[in-house]
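As structure tokens, the structure follows; a few thoughts come after it.
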Amino acid sequence: MSSMPARRLGLKDRGLIKKGFRADVVLIDRDRVIDNAKFADPQKTAAGIETAWAGGTPVWENGNTTGKLRGSVLKR
């Protein structure tokens with residue numbers, strides 16, 4: 001799902017979970033994941049998202065941010 005776009009964009013260290021690659025991965029519980037945001041409260045986080053990694057670093061664990069900001073601009 002992500003290797004073809006990464007390859008087409010020339011992102012050599014993205015798109016696969018592999019040693020030396022920069023992983024952006026979200027671990028969800030598909031039986032519990034639900035969007036809790038409402039029109040009146042759009043900032044409410046979803047339930048069932050266990051962990052998220054950006055650039056190989058955990059940025060979300062146990063329903064909270066880890067405080068590590070790993071976003072970056074991708075360039076060819």
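Every chain in the structure tokens takes a letter, A first, then B, and so on in the order presented; its residues are numbered from 1, and the ligands are numbered from 1 following the presented order.
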Residues near A:Ala47, cut-off 6 Å, only C-alpha atoms, skip fewer than 2 positions along chain, as a ChimeraX atom specification
/A:33-34,49
Keeping C-alpha atoms for every residue in the selection just given, could you write it to a file as a PDB file, in the first residue's frame?
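Okay, this is what ended up in again_10.pdb:
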```
ATOM      1  CA  VAL A  33     -11.047   1.823  16.810  1.00  0.00           C
ATOM      2  CA  ILE A  34     -13.629   4.593  16.643  1.00  0.00           C
ATOM      3  CA  ILE A  49      -5.130   3.487  18.348  1.00  0.00           C
TER       4      ILE A  49
END
```
Would you please give, as a PyMOL selection string, all residues of chain A that DSSP assigns to strand (DSSP E or B) based on the backbone?
chain A and resi 25-28+34+38+41+47+49-54+57-61+64-65
If I take atom CA of A:Asp24 and atom CA of A:Ser3, how far is one from the other in Å, to one decimal?
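Pair atom CA of A:Asp24 / atom CA of A:Ser3 returns 11.9 Å.
Among the candidates A:Glu50, A:Ser72, A:Pro42, A:Gly15, the one nearest to A:Arg30 when counting only C-alpha atoms is A:Glu50.
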Quick one: residues within 9 Å of A:Lys75, only C-alpha atoms counted, chain neighbours fewer than 5 positions away excluded, as an NGL selection string?
:A and (9-11)
Take the residues from that selection and put them in a file with N, CA, C and O atoms, as a compact mmCIF listing (two decimals), in the first residue's frame.
```
# COMPACT_ATOMS: atom_id res chain seq x y z
N LEU A 9 7.82 8.15 -6.05
CA LEU A 9 8.30 9.46 -5.64
C LEU A 9 9.81 9.50 -5.40
O LEU A 9 10.36 10.53 -5.07
N GLY A 10 10.47 8.36 -5.55
CA GLY A 10 11.92 8.31 -5.38
C GLY A 10 12.36 8.35 -3.92
O GLY A 10 13.48 8.74 -3.63
N LEU A 11 11.47 7.95 -2.99
CA LEU A 11 11.80 7.93 -1.57
C LEU A 11 12.41 6.56 -1.25
O LEU A 11 11.71 5.61 -0.98
```
Each stretch 24-48 of chain A residue no farther than 10 Å from stretch 55-61 of chain A, nearest pair in Å, only C-alpha atoms, as a tab-separated table:
```
residue	atom	partner	partner_atom	distance
A:Asp24	CA	A:Gly55	CA	5.5
A:Val25	CA	A:Gly56	CA	8.1
A:Val26	CA	A:Trp60	CA	8.9
A:Leu27	CA	A:Glu61	CA	9.7
```
Writer output for current selection, N, CA and C atoms, as a PDB file, in the first residue's frame:
```pdb
ATOM      1  N   ASP A  24       6.832   4.711   9.232  1.00  0.00           N
ATOM      2  CA  ASP A  24       5.663   5.424   9.724  1.00  0.00           C
ATOM      3  C   ASP A  24       4.571   4.366   9.823  1.00  0.00           C
ATOM      4  N   VAL A  25       4.260   3.928  11.062  1.00  0.00           N
ATOM      5  CA  VAL A  25       3.363   2.803  11.277  1.00  0.00           C
ATOM      6  C   VAL A  25       2.367   3.142  12.377  1.00  0.00           C
ATOM      7  N   VAL A  26       1.117   2.685  12.211  1.00  0.00           N
ATOM      8  CA  VAL A  26       0.094   2.858  13.238  1.00  0.00           C
ATOM      9  C   VAL A  26      -0.443   1.482  13.598  1.00  0.00           C
ATOM     10  N   LEU A  27      -0.419   1.155  14.889  1.00  0.00           N
ATOM     11  CA  LEU A  27      -0.944  -0.113  15.390  1.00  0.00           C
ATOM     12  C   LEU A  27      -2.332   0.154  15.971  1.00  0.00           C
TER      13      LEU A  27
END
```
